[in-house]
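J.: What follows is the file data_20.txt, containing compact mmCIF, C-alpha atoms:
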# COMPACT_ATOMS: atom_id res chain seq x y z
CA MET N 1 48.77 86.98 322.88
CA GLU N 2 45.23 85.94 321.96
CA LEU N 3 42.67 88.54 322.92
CA ASP N 4 39.47 87.26 324.47
CA ALA N 5 36.10 89.02 324.28
CA THR N 6 36.78 90.86 327.53
CA ASP N 7 40.14 92.15 326.29
CA ARG N 8 38.46 93.40 323.12
CA ALA N 9 35.68 95.15 325.00
CA LEU N 10 38.24 96.75 327.28
CA LEU N 11 40.45 97.82 324.39
CA ASN N 12 37.52 99.37 322.54
CA ARG N 13 36.44 101.19 325.67
CA LEU N 14 39.96 102.44 326.46
CA GLN N 15 40.37 103.90 322.98
CA ASP N 16 37.53 106.31 323.75
CA GLY N 17 39.49 107.75 326.66
CA ILE N 18 39.49 107.11 330.38
CA PRO N 19 37.58 109.33 332.78
CA LEU N 20 39.81 111.94 334.41
CA VAL N 21 39.35 110.78 337.98
CA ASP N 22 41.72 109.47 340.63
CA ARG N 23 40.97 105.79 339.90
CA PRO N 24 40.15 105.66 336.19
CA PHE N 25 40.66 101.89 335.82
CA ALA N 26 38.17 101.23 338.62
CA ALA N 27 35.67 103.49 336.83
CA VAL N 28 36.17 101.71 333.51
CA GLY N 29 35.96 98.35 335.26
CA GLU N 30 32.67 99.29 336.80
CA GLU N 31 31.24 100.07 333.36
CA LEU N 32 32.35 96.69 332.05
CA GLY N 33 31.67 94.60 335.13
CA LEU N 34 35.35 94.04 335.91
CA SER N 35 37.34 94.68 339.06
CA GLU N 36 40.02 97.34 339.06
CA ASP N 37 42.67 94.63 339.48
CA ALA N 38 41.33 92.70 336.50
CA VAL N 39 41.40 95.82 334.33
CA LEU N 40 44.95 96.64 335.38
CA ALA N 41 46.14 93.09 334.75
CA ARG N 42 44.58 92.96 331.29
CA VAL N 43 45.85 96.40 330.28
CA ALA N 44 49.35 95.58 331.50
CA ALA N 45 49.29 92.28 329.60
CA MET N 46 48.16 94.00 326.38
CA LYS N 47 50.82 96.66 326.79
CA GLY N 48 53.49 94.03 327.49
CA ALA N 49 52.47 92.01 324.44
CA GLY N 50 52.56 95.04 322.17
CA VAL N 51 48.82 95.03 321.46
CA LEU N 52 48.83 98.54 322.90
CA SER N 53 51.42 100.80 321.33
CA ARG N 54 50.76 103.36 323.97
CA PHE N 55 48.52 104.29 326.85
CA GLY N 56 48.34 107.91 327.89
CA PRO N 57 47.39 111.42 326.85
CA MET N 58 47.01 111.98 323.12
CA PHE N 59 48.34 115.46 322.51
CA HIS N 60 47.04 117.61 319.68
CA ALA N 61 50.21 119.09 318.19
CA GLU N 62 48.65 122.05 316.44
CA ARG N 63 46.59 123.08 319.46
CA MET N 64 49.74 122.89 321.55
CA GLY N 65 51.08 125.52 319.18
CA GLY N 66 53.35 123.04 317.52
CA GLY N 67 54.12 122.20 313.93
CA LEU N 68 53.26 118.97 312.16
CA THR N 69 53.77 117.60 308.70
CA LEU N 70 53.73 114.35 306.82
CA ALA N 71 56.93 113.94 304.82
CA ALA N 72 58.24 111.41 302.35
CA MET N 73 61.58 110.25 300.97
CA ALA N 74 62.67 108.07 298.07
CA VAL N 75 65.27 105.80 299.68
CA PRO N 76 67.39 103.36 297.66
CA ALA N 77 66.68 99.79 298.82
CA GLU N 78 70.29 99.14 299.84
CA ASP N 79 70.28 102.23 302.09
CA PHE N 80 66.85 101.69 303.57
CA ASP N 81 67.85 100.39 307.00
CA ARG N 82 70.54 103.00 307.48
CA VAL N 83 68.20 105.84 306.49
CA ALA N 84 65.36 104.46 308.64
CA GLY N 85 67.71 104.47 311.63
CA GLN N 86 68.85 108.01 310.92
CA VAL N 87 65.31 109.32 310.44
CA ASN N 88 63.95 107.50 313.50
CA ALA N 89 66.74 108.92 315.66
CA PHE N 90 65.10 112.34 315.40
CA PRO N 91 62.80 112.76 318.42
CA GLU N 92 60.57 114.96 316.23
CA VAL N 93 59.76 111.94 314.03
CA ALA N 94 56.59 110.63 315.68
CA HIS N 95 55.98 107.73 313.35
CA ASN N 96 57.46 106.31 310.23
CA TYR N 97 56.14 103.77 307.75
CA ALA N 98 57.73 101.91 304.87
CA ARG N 99 55.42 102.01 301.85
CA GLU N 100 55.47 100.48 298.39
CA HIS N 101 56.12 103.38 296.03
CA ALA N 102 59.06 105.33 294.61
CA LEU N 103 58.46 107.49 297.69
CA ASN N 104 58.99 104.55 300.03
CA MET N 105 59.43 106.15 303.46
CA TRP N 106 56.63 108.24 304.98
CA PHE N 107 56.91 109.84 308.38
CA VAL N 108 55.33 112.50 310.56
CA VAL N 109 57.46 115.36 311.85
CA ALA N 110 56.04 117.02 314.97
CA THR N 111 57.78 120.06 316.45
CA GLU N 112 57.15 122.48 319.26
CA THR N 113 56.80 125.44 316.91
CA PRO N 114 55.57 125.57 313.30
CA GLU N 115 58.87 127.16 312.23
CA ARG N 116 60.86 124.13 313.43
CA VAL N 117 59.28 121.79 310.87
CA ALA N 118 61.38 123.12 308.00
CA ALA N 119 64.53 123.04 310.14
CA VAL N 120 63.98 119.41 311.11
CA CYS N 121 63.28 118.40 307.50
CA ALA N 122 66.50 120.15 306.48
CA ALA N 123 68.39 118.39 309.25
CA ILE N 124 67.03 115.02 308.09
CA GLU N 125 68.18 115.83 304.55
CA GLU N 126 71.62 116.69 305.83
CA ARG N 127 71.89 113.57 307.98
CA THR N 128 70.66 111.16 305.32
CA GLY N 129 71.93 112.89 302.19
CA LEU N 130 68.49 112.48 300.59
CA PRO N 131 65.74 115.00 299.79
CA VAL N 132 62.75 115.20 302.13
CA TYR N 133 59.40 116.09 300.56
CA PRO N 134 56.96 117.65 303.03
CA PHE N 135 53.23 117.10 302.56
CA PRO N 136 51.64 119.39 305.14
CA LYS N 137 47.94 119.09 305.86
CA LEU N 138 46.03 121.86 304.06
CA ALA N 139 42.55 120.79 305.10
CA GLU N 140 41.17 118.06 307.36
CA TYR N 141 38.00 116.29 306.27
CA TYR N 142 38.04 113.51 308.83
CA LEU N 143 40.14 112.04 311.58
CA ASN N 144 39.29 108.97 313.62
CA LEU N 145 42.08 107.24 315.48
CA ARG N 146 40.08 104.29 316.78
CA PHE N 147 40.25 100.67 315.64
CA LYS N 148 37.58 98.12 316.50
CA ALA N 149 39.30 95.30 318.37
CA MET Y 1 41.76 127.56 318.47
CA SER Y 2 43.78 127.27 321.64
CA ASP Y 3 47.49 127.51 321.70
CA ALA Y 4 50.41 126.80 323.93
CA SER Y 5 50.26 130.25 325.51
CA ILE Y 6 47.52 129.10 327.87
CA LEU Y 7 49.84 126.38 329.16
CA ASP Y 8 52.32 127.10 331.88
CA GLU Y 9 55.52 125.46 333.10
CA ILE Y 10 53.63 122.94 335.23
CA ASP Y 11 51.55 121.81 332.24
CA ARG Y 12 54.76 121.41 330.34
CA ARG Y 13 56.25 119.27 333.10
CA ILE Y 14 53.09 117.15 333.09
CA MET Y 15 53.46 116.67 329.34
CA LEU Y 16 57.08 115.69 329.68
CA ALA Y 17 56.21 113.22 332.43
CA THR Y 18 53.41 111.60 330.43
CA GLN Y 19 54.38 111.72 326.78
CA GLU Y 20 55.85 108.22 327.00
CA GLY Y 21 52.54 107.16 328.47
CA LEU Y 22 50.89 106.84 331.85
CA PRO Y 23 51.88 104.11 334.30
CA ILE Y 24 49.32 101.32 334.37
CA VAL Y 25 48.58 101.50 338.08
CA ALA Y 26 45.42 102.10 340.08
CA ARG Y 27 46.16 105.80 340.53
CA PRO Y 28 48.12 106.88 337.45
CA PHE Y 29 47.63 110.59 338.07
CA ALA Y 30 49.07 110.22 341.58
CA ALA Y 31 52.20 108.72 340.03
CA VAL Y 32 52.47 111.72 337.69
CA ALA Y 33 51.81 114.08 340.60
CA GLU Y 34 54.67 112.61 342.56
CA GLN Y 35 57.01 113.00 339.62
CA VAL Y 36 55.98 116.62 338.94
CA GLY Y 37 55.72 117.56 342.61
CA ILE Y 38 52.11 118.77 342.74
CA PRO Y 39 48.94 117.23 344.24
CA GLU Y 40 47.10 114.45 342.38
CA ALA Y 41 43.94 116.58 342.20
CA GLU Y 42 45.84 119.30 340.39
CA VAL Y 43 47.17 116.87 337.79
CA ILE Y 44 43.60 115.69 337.15
CA ALA Y 45 42.30 119.27 337.00
CA ARG Y 46 44.99 120.24 334.53
CA PHE Y 47 44.26 117.23 332.31
CA ARG Y 48 40.57 118.17 332.38
CA PHE Y 49 41.45 121.70 331.30
CA MET Y 50 43.77 120.52 328.52
CA GLN Y 51 41.14 118.07 327.30
CA ASP Y 52 38.43 120.78 327.36
CA GLN Y 53 40.72 123.00 325.31
CA GLY Y 54 41.44 120.21 322.84
CA ILE Y 55 45.16 120.30 323.64
CA VAL Y 56 44.78 116.70 324.80
CA ARG Y 57 42.38 114.80 322.54
CA ARG Y 58 41.82 112.20 325.26
CA VAL Y 59 43.75 109.99 327.67
CA ALA Y 60 43.44 106.67 325.96
CA ALA Y 61 44.83 103.41 324.68
CA VAL Y 62 46.39 103.44 321.23
CA PRO Y 63 46.38 99.94 319.80
CA ASN Y 64 48.96 98.56 317.44
CA HIS Y 65 46.47 98.04 314.64
CA TYR Y 66 48.63 95.34 313.04
CA ARG Y 67 48.18 93.28 316.20
CA LEU Y 68 44.41 93.68 315.87
CA GLY Y 69 44.51 92.09 312.44
CA TYR Y 70 44.43 95.32 310.43
CA THR Y 71 47.47 94.21 308.51
CA ALA Y 72 46.61 95.88 305.21
CA ASN Y 73 47.05 99.60 305.48
CA GLY Y 74 46.60 101.52 302.26
CA MET Y 75 47.28 105.21 301.93
CA THR Y 76 44.99 106.07 299.02
CA VAL Y 77 45.88 109.25 297.17
CA TRP Y 78 43.66 111.00 294.64
CA GLU Y 79 44.30 113.58 291.96
CA VAL Y 80 41.44 115.99 292.56
CA PRO Y 81 41.31 119.54 291.18
CA LEU Y 82 41.15 122.16 293.89
CA ASP Y 83 37.75 123.54 292.87
CA VAL Y 84 36.08 120.25 293.78
CA ILE Y 85 38.40 119.00 296.50
CA ASP Y 86 36.16 119.86 299.45
CA GLU Y 87 33.30 117.93 297.88
CA ALA Y 88 35.60 114.96 297.21
CA GLY Y 89 37.07 115.09 300.73
CA GLN Y 90 33.64 115.09 302.32
CA ARG Y 91 32.52 112.13 300.22
CA LEU Y 92 35.49 110.01 301.32
CA ALA Y 93 35.29 111.18 304.92
CA ALA Y 94 31.78 109.76 305.18
CA LEU Y 95 33.04 106.19 304.62
CA GLU Y 96 33.37 104.21 307.83
CA TYR Y 97 36.61 102.52 306.77
CA VAL Y 98 38.46 105.80 306.12
CA SER Y 99 40.39 106.66 309.27
CA HIS Y 100 41.68 110.02 308.11
CA CYS Y 101 41.19 112.16 305.08
CA TYR Y 102 43.29 115.25 304.37
CA ARG Y 103 44.04 117.68 301.58
CA ARG Y 104 47.79 117.98 300.96
CA PRO Y 105 49.86 119.75 298.31
CA ALA Y 106 50.57 118.13 294.93
CA LYS Y 107 54.15 118.05 293.63
CA PRO Y 108 53.67 117.91 289.89
CA PRO Y 109 54.59 116.24 287.69
CA GLU Y 110 55.56 113.12 289.65
CA TRP Y 111 53.04 113.59 292.45
CA PRO Y 112 49.69 114.95 291.19
CA TYR Y 113 47.70 113.78 294.22
CA THR Y 114 45.93 116.30 296.45
CA LEU Y 115 43.60 114.17 298.57
CA PHE Y 116 44.87 111.53 301.00
CA ALA Y 117 42.57 108.96 302.63
CA MET Y 118 43.86 106.17 304.86
CA VAL Y 119 42.12 102.81 304.57
CA HIS Y 120 42.71 100.00 307.08
CA ALA Y 121 41.54 96.48 306.36
CA LYS Y 122 42.25 92.85 307.14
CA ASP Y 123 43.90 92.15 303.78
CA ARG Y 124 44.78 93.77 300.48
CA ALA Y 125 41.79 92.35 298.67
CA GLN Y 126 39.56 94.21 301.10
CA VAL Y 127 41.54 97.43 300.60
CA GLU Y 128 41.25 97.04 296.84
CA ALA Y 129 37.49 96.49 297.00
CA ARG Y 130 37.20 99.63 299.09
CA VAL Y 131 39.35 101.66 296.71
CA MET Y 132 37.04 100.66 293.85
CA GLU Y 133 34.09 101.82 295.92
CA MET Y 134 35.86 105.11 296.67
CA ALA Y 135 36.69 105.61 292.99
CA ALA Y 136 33.05 105.04 292.05
CA LEU Y 137 31.96 107.49 294.73
CA LEU Y 138 34.31 110.18 293.46
CA GLY Y 139 33.55 109.59 289.78
CA ASP Y 140 34.78 112.50 287.68
CA LEU Y 141 36.05 114.44 290.69
CA ALA Y 142 39.26 112.39 290.66
CA ARG Y 143 41.43 112.24 287.55
CA SER Y 144 43.66 109.44 288.86
CA HIS Y 145 44.57 107.65 292.04
CA THR Y 146 46.96 105.14 293.52
CA VAL Y 147 47.41 103.19 296.74
CA LEU Y 148 50.58 103.12 298.83
CA TYR Y 149 50.57 100.00 300.98
CA SER Y 150 52.58 100.06 304.16
CA THR Y 151 55.01 97.20 304.49
CA LYS Y 152 56.46 97.97 307.91
CA ILE Y 153 56.03 100.29 310.89
CA LEU Y 154 59.51 101.75 311.28
CA LYS Y 155 58.61 103.91 314.28
CA LYS Y 156 55.50 104.72 316.27
CA THR Y 157 55.99 106.75 319.39
CA GLY Y 158 53.42 109.52 319.25
CA LEU Y 159 54.28 113.18 319.69
CA ARG Y 160 57.20 114.26 321.80
CA ILE Y 161 58.31 117.54 323.28
CA GLN Y 162 61.91 118.04 324.31
CA GLY Y 163 62.92 118.14 327.97
Let me see the structure of the file written as structure tokens.

T.:
Amino acid sequence: MELDATDRALLNRLQDGIPLVDRPFAAVGEELGLSEDAVLARVAAMKGAGVLSRFGPMFHAERMGGGLTLAAMAVPAEDFDRVAGQVNAFPEVAHNYAREHALNMWFVVATETPERVAAVCAAIEERTGLPVYPFPKLAEYYLNLRFKA
Amino acid sequence: MSDASILDEIDRRIMLATQEGLPIVARPFAAVAEQVGIPEAEVIARFRFMQDQGIVRRVAAVPNHYRLGYTANGMTVWEVPLDVIDEAGQRLAALEYVSHCYRRPAKPPEWPYTLFAMVHAKDRAQVEARVMEMAALLGDLARSHTVLYSTKILKKTGLRIQG
């Protein structure tokens, strides 16, 4: 779908978070000069077209007491699709990217407890038959999850 | 820092009901309330609490950045000695095109990189121009660097807890 200026304004606004009120889309619409129905229709269209990957609460894994790590694997090209399927089948794998490097698969493992991270990495190794290299965050200098539409 | 101990079973049920996302309806919290079996006002109050505590960053749209034209996504990685890594991290974090910047462990000898900074741009030429700017900004703080371009999103679901 082609986004028009209103879609872009709405998408930028919705990335900052909706107000926690009973009719949040009406509140956002009021800010932008749109009716609640117009907001809902545009958000639904963007979700349906895949412009929005997700709409909902963004949980902070570490503050939930959970564990989180970035991890990488070096996957032979001929096995890539099989391994991607096996890795993605783990519900603890939150996202996974193919990258151009000897380490060509990079994913985030998010677990309910910090101790589970190592167990999930070990389980992925066992399932795929390949080593998993964890790269846990040791310090955070910046995090901004917004993209200007 | 908060932790899960301040969350109870109802919060957990709210998380389970919403981790796939909220329904795009006029009263999304009412829909969650019905599913969890508590009043709408309580769902809203609990989200406010979780947001105040930083357990929920925000309730928001997450765009597919590829669909917004950010098709070049370079994970830049820098070999920075630990005694200057905070300085280097702060320098990169100040750049508007760096979306996240973390210190992570090196795995010598094949992986000497300790500082990761994600750069999103419209094309590779723009990423490369930015990497040159970053390298100039770091100067002697970084001994080497490389860029890992993403070629495909294999999965993107956000965090999940188990039911």

J.: Please, what distance in Å, to one decimal, runs between atom CA of Val117 of chain N and atom CA of Val93 of chain N?

T.: 10.4 Å

J.: Taking all atoms listed in the file into account, name the residue in N:Tyr97, N:Phe135, N:Phe147, N:Phe80 that is nearest to Tyr113 of chain Y.

T.: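 Distance minimum relative to Tyr113 of chain Y lands on N:Phe135.
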
J.: Within 9 Å of Leu143 of chain N, counting only C-alpha atoms, which residues show up once you throw out same-chain ones fewer than 3 positions away? Write them as a list in words, please.

T.: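 Close residues of Leu143 of chain N: Glu140 of chain N; Ala93, Val98, Ser99, His100, Cys101 and Tyr102 of chain Y.
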
J.: Enumerate, in order of chain and increasing residue number, the residues of chain N with an atom no farther than 7 Å from chain Y, each with its shortest atom pair and distance in Å to one decimal, counting only C-alpha atoms, as JSON lines.

T.:
{"residue": "N:Leu14", "atom": "CA", "partner": "Y:Ala61", "partner_atom": "CA", "distance": 5.3}
{"residue": "N:Gln15", "atom": "CA", "partner": "Y:Ala61", "partner_atom": "CA", "distance": 4.8}
{"residue": "N:Asp16", "atom": "CA", "partner": "Y:Ala60", "partner_atom": "CA", "distance": 6.3}
{"residue": "N:Gly17", "atom": "CA", "partner": "Y:Ala60", "partner_atom": "CA", "distance": 4.2}
{"residue": "N:Ile18", "atom": "CA", "partner": "Y:Val59", "partner_atom": "CA", "distance": 5.8}
{"residue": "N:Leu20", "atom": "CA", "partner": "Y:Ile44", "partner_atom": "CA", "distance": 6.0}
{"residue": "N:Val21", "atom": "CA", "partner": "Y:Ile44", "partner_atom": "CA", "distance": 6.5}
{"residue": "N:Asp22", "atom": "CA", "partner": "Y:Arg27", "partner_atom": "CA", "distance": 5.8}
{"residue": "N:Arg23", "atom": "CA", "partner": "Y:Arg27", "partner_atom": "CA", "distance": 5.2}
{"residue": "N:Phe25", "atom": "CA", "partner": "Y:Ala26", "partner_atom": "CA", "distance": 6.4}
{"residue": "N:Leu40", "atom": "CA", "partner": "Y:Ile24", "partner_atom": "CA", "distance": 6.5}
{"residue": "N:Ala44", "atom": "CA", "partner": "Y:Ile24", "partner_atom": "CA", "distance": 6.4}
{"residue": "N:Gly50", "atom": "CA", "partner": "Y:Asn64", "partner_atom": "CA", "distance": 6.9}
{"residue": "N:Val51", "atom": "CA", "partner": "Y:Asn64", "partner_atom": "CA", "distance": 5.4}
{"residue": "N:Leu52", "atom": "CA", "partner": "Y:Pro63", "partner_atom": "CA", "distance": 4.2}
{"residue": "N:Ser53", "atom": "CA", "partner": "Y:Asn64", "partner_atom": "CA", "distance": 5.1}
{"residue": "N:Arg54", "atom": "CA", "partner": "Y:Val62", "partner_atom": "CA", "distance": 5.2}
{"residue": "N:Phe55", "atom": "CA", "partner": "Y:Ala61", "partner_atom": "CA", "distance": 4.4}
{"residue": "N:Gly56", "atom": "CA", "partner": "Y:Gly21", "partner_atom": "CA", "distance": 4.3}
{"residue": "N:Pro57", "atom": "CA", "partner": "Y:Val59", "partner_atom": "CA", "distance": 4.0}
{"residue": "N:Met58", "atom": "CA", "partner": "Y:Arg57", "partner_atom": "CA", "distance": 5.5}
{"residue": "N:Phe59", "atom": "CA", "partner": "Y:Val56", "partner_atom": "CA", "distance": 4.4}
{"residue": "N:His60", "atom": "CA", "partner": "Y:Ile55", "partner_atom": "CA", "distance": 5.1}
{"residue": "N:Arg63", "atom": "CA", "partner": "Y:Asp3", "partner_atom": "CA", "distance": 5.0}
{"residue": "N:Met64", "atom": "CA", "partner": "Y:Ala4", "partner_atom": "CA", "distance": 4.6}
{"residue": "N:Gly65", "atom": "CA", "partner": "Y:Asp3", "partner_atom": "CA", "distance": 4.8}
{"residue": "N:Ala84", "atom": "CA", "partner": "Y:Leu154", "partner_atom": "CA", "distance": 7.0}
{"residue": "N:Asn88", "atom": "CA", "partner": "Y:Lys155", "partner_atom": "CA", "distance": 6.5}
{"residue": "N:Pro91", "atom": "CA", "partner": "Y:Arg160", "partner_atom": "CA", "distance": 6.7}
{"residue": "N:Glu92", "atom": "CA", "partner": "Y:Arg160", "partner_atom": "CA", "distance": 6.5}
{"residue": "N:Ala94", "atom": "CA", "partner": "Y:Gly158", "partner_atom": "CA", "distance": 4.9}
{"residue": "N:His95", "atom": "CA", "partner": "Y:Lys156", "partner_atom": "CA", "distance": 4.2}
{"residue": "N:Asn96", "atom": "CA", "partner": "Y:Lys155", "partner_atom": "CA", "distance": 4.8}
{"residue": "N:Tyr97", "atom": "CA", "partner": "Y:Ile153", "partner_atom": "CA", "distance": 4.7}
{"residue": "N:Ala98", "atom": "CA", "partner": "Y:Lys152", "partner_atom": "CA", "distance": 5.1}
{"residue": "N:Arg99", "atom": "CA", "partner": "Y:Ser150", "partner_atom": "CA", "distance": 4.1}
{"residue": "N:Glu100", "atom": "CA", "partner": "Y:Tyr149", "partner_atom": "CA", "distance": 5.6}
{"residue": "N:His101", "atom": "CA", "partner": "Y:Leu148", "partner_atom": "CA", "distance": 6.2}
{"residue": "N:Ala110", "atom": "CA", "partner": "Y:Leu159", "partner_atom": "CA", "distance": 6.3}
{"residue": "N:Glu112", "atom": "CA", "partner": "Y:Ile161", "partner_atom": "CA", "distance": 6.5}
{"residue": "N:Phe135", "atom": "CA", "partner": "Y:Arg104", "partner_atom": "CA", "distance": 5.7}
{"residue": "N:Pro136", "atom": "CA", "partner": "Y:Arg104", "partner_atom": "CA", "distance": 5.9}
{"residue": "N:Lys137", "atom": "CA", "partner": "Y:Arg104", "partner_atom": "CA", "distance": 5.0}
{"residue": "N:Leu138", "atom": "CA", "partner": "Y:Arg103", "partner_atom": "CA", "distance": 5.3}
{"residue": "N:Ala139", "atom": "CA", "partner": "Y:Arg103", "partner_atom": "CA", "distance": 4.9}
{"residue": "N:Glu140", "atom": "CA", "partner": "Y:Tyr102", "partner_atom": "CA", "distance": 4.6}
{"residue": "N:Tyr141", "atom": "CA", "partner": "Y:Cys101", "partner_atom": "CA", "distance": 5.4}
{"residue": "N:Tyr142", "atom": "CA", "partner": "Y:Cys101", "partner_atom": "CA", "distance": 5.1}
{"residue": "N:Leu143", "atom": "CA", "partner": "Y:His100", "partner_atom": "CA", "distance": 4.3}
{"residue": "N:Asn144", "atom": "CA", "partner": "Y:Ser99", "partner_atom": "CA", "distance": 5.0}
{"residue": "N:Leu145", "atom": "CA", "partner": "Y:Ser99", "partner_atom": "CA", "distance": 6.5}
{"residue": "N:Phe147", "atom": "CA", "partner": "Y:His65", "partner_atom": "CA", "distance": 6.8}
{"residue": "N:Ala149", "atom": "CA", "partner": "Y:Leu68", "partner_atom": "CA", "distance": 5.9}

J.: Please, what distance in Å, to one decimal, runs between atom CA of Ile10 of chain Y and atom CA of Ala33 of chain Y?

T.: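 Distance reported for this atom pair: 10.5 Å.
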
J.: Quick one: everything within 8 Å of Ala26 of chain N, counting all atoms listed in the file, minus sequence neighbours fewer than 2 positions away in the same chain. Send it as a list in words.

T.: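 Non-adjacent residues within range: Arg23, Pro24, Val28, Gly29, Glu30, Ser35, Glu36 and Val39 of chain N; Ala26 of chain Y.
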
J.: One number please: atom CA of Pro19 of chain N to atom CA of Gly48 of chain N, in Å, one decimal.

T.: 22.7 Å

J.: Determine the nearest neighbour of Thr71 of chain Y from the options Y:Leu16, Y:Val119, Y:Leu141, Y:Ala31, counting only C-alpha atoms.

T.: Y:Val119

J.: Go through Y:Ile14, Y:Ala129, Y:Ala136, Y:Val84 one by one, measure the shortest atom-to-atom distance of each to Ile38 of chain Y using only C-alpha atoms, and give the residue with the smallest value.

T.: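 Checking each of Y:Ile14, Y:Ala129, Y:Ala136, Y:Val84 against Ile38 of chain Y, counting only C-alpha atoms, the winner is Y:Ile14.
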
J.: Taking all atoms listed in the file into account, which of Y:Val77, Y:Ala17, Y:Ala72, Y:Val32 comes nearest Lys122 of chain Y?

T.: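 Of all the options, Y:Ala72 lies closest to Lys122 of chain Y.
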
J.: Compare N:Leu11, N:Leu68, N:Ala89, N:Val132 by their minimum atom-to-atom distance to Arg42 of chain N, counting only C-alpha atoms, and give me the closest one.

T.: N:Leu11

J.: Could you check which of Y:Glu9, Y:Pro39, Y:Pro81, Y:Glu34 is closest to Pro112 of chain Y, using all atoms listed in the file?

T.: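 With all atoms listed in the file as the atom set, the closest residue is Y:Pro81.
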
J.: Extract, using only C-alpha atoms, all DNA, RNA and protein residues at most 10 Å from Leu32 of chain N, discarding same-chain residues fewer than 5 positions from it, and format them as a compact mmCIF listing (two decimals) with C-alpha atoms, in the coordinates of the input.

T.:
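Result file is around-v9.txt:
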# COMPACT_ATOMS: atom_id res chain seq x y z
CA THR N 6 36.78 90.86 327.53
CA ALA N 9 35.68 95.15 325.00
CA LEU N 10 38.24 96.75 327.28
CA ARG N 13 36.44 101.19 325.67
CA ALA N 26 38.17 101.23 338.62
CA ALA N 27 35.67 103.49 336.83
CA VAL N 39 41.40 95.82 334.33

J.: Show me, as JSON, the centre and edge lengths in Å to one decimal of the axis-aligned box that covers every listed atom of segment 68-74 of chain N with 8 Å on each side.

T.:
{"center_x": 58.0, "center_y": 113.5, "center_z": 305.1, "size_x": 25.4, "size_y": 26.9, "size_z": 30.1}

J.: N, CA and C atoms are needed for segment 119-133 of chain N; please write them out as a PDB file, keeping the file's coordinate frame.

T.:
ATOM      1  N   ALA N 119      63.168 123.266 309.646  1.00  0.00           N
ATOM      2  CA  ALA N 119      64.530 123.040 310.140  1.00  0.00           C
ATOM      3  C   ALA N 119      64.791 121.551 310.344  1.00  0.00           C
ATOM      4  N   VAL N 120      63.804 120.850 310.881  1.00  0.00           N
ATOM      5  CA  VAL N 120      63.980 119.410 311.110  1.00  0.00           C
ATOM      6  C   VAL N 120      64.058 118.662 309.781  1.00  0.00           C
ATOM      7  N   CYS N 121      63.197 119.050 308.821  1.00  0.00           N
ATOM      8  CA  CYS N 121      63.280 118.400 307.500  1.00  0.00           C
ATOM      9  C   CYS N 121      64.650 118.640 306.880  1.00  0.00           C
ATOM     10  N   ALA N 122      65.171 119.844 307.017  1.00  0.00           N
ATOM     11  CA  ALA N 122      66.500 120.150 306.480  1.00  0.00           C
ATOM     12  C   ALA N 122      67.571 119.331 307.194  1.00  0.00           C
ATOM     13  N   ALA N 123      67.412 119.172 308.498  1.00  0.00           N
ATOM     14  CA  ALA N 123      68.390 118.390 309.250  1.00  0.00           C
ATOM     15  C   ALA N 123      68.352 116.916 308.839  1.00  0.00           C
ATOM     16  N   ILE N 124      67.150 116.405 308.545  1.00  0.00           N
ATOM     17  CA  ILE N 124      67.030 115.020 308.090  1.00  0.00           C
ATOM     18  C   ILE N 124      67.696 114.865 306.713  1.00  0.00           C
ATOM     19  N   GLU N 125      67.511 115.860 305.861  1.00  0.00           N
ATOM     20  CA  GLU N 125      68.180 115.830 304.550  1.00  0.00           C
ATOM     21  C   GLU N 125      69.681 115.795 304.713  1.00  0.00           C
ATOM     22  N   GLU N 126      70.171 116.612 305.632  1.00  0.00           N
ATOM     23  CA  GLU N 126      71.620 116.690 305.830  1.00  0.00           C
ATOM     24  C   GLU N 126      72.161 115.376 306.388  1.00  0.00           C
ATOM     25  N   ARG N 127      71.431 114.804 307.349  1.00  0.00           N
ATOM     26  CA  ARG N 127      71.890 113.570 307.980  1.00  0.00           C
ATOM     27  C   ARG N 127      71.885 112.401 307.010  1.00  0.00           C
ATOM     28  N   THR N 128      70.826 112.335 306.177  1.00  0.00           N
ATOM     29  CA  THR N 128      70.660 111.160 305.320  1.00  0.00           C
ATOM     30  C   THR N 128      71.270 111.350 303.935  1.00  0.00           C
ATOM     31  N   GLY N 129      71.454 112.615 303.541  1.00  0.00           N
ATOM     32  CA  GLY N 129      71.930 112.890 302.190  1.00  0.00           C
ATOM     33  C   GLY N 129      70.861 112.717 301.123  1.00  0.00           C
ATOM     34  N   LEU N 130      69.597 112.677 301.534  1.00  0.00           N
ATOM     35  CA  LEU N 130      68.490 112.480 300.590  1.00  0.00           C
ATOM     36  C   LEU N 130      67.468 113.600 300.754  1.00  0.00           C
ATOM     37  N   PRO N 131      66.766 113.963 299.659  1.00  0.00           N
ATOM     38  CA  PRO N 131      65.740 115.000 299.790  1.00  0.00           C
ATOM     39  C   PRO N 131      64.533 114.524 300.616  1.00  0.00           C
ATOM     40  N   VAL N 132      63.969 115.449 301.363  1.00  0.00           N
ATOM     41  CA  VAL N 132      62.750 115.200 302.130  1.00  0.00           C
ATOM     42  C   VAL N 132      61.635 116.035 301.494  1.00  0.00           C
ATOM     43  N   TYR N 133      60.523 115.380 301.166  1.00  0.00           N
ATOM     44  CA  TYR N 133      59.400 116.090 300.560  1.00  0.00           C
ATOM     45  C   TYR N 133      58.284 116.261 301.592  1.00  0.00           C
TER      46      TYR N 133
END
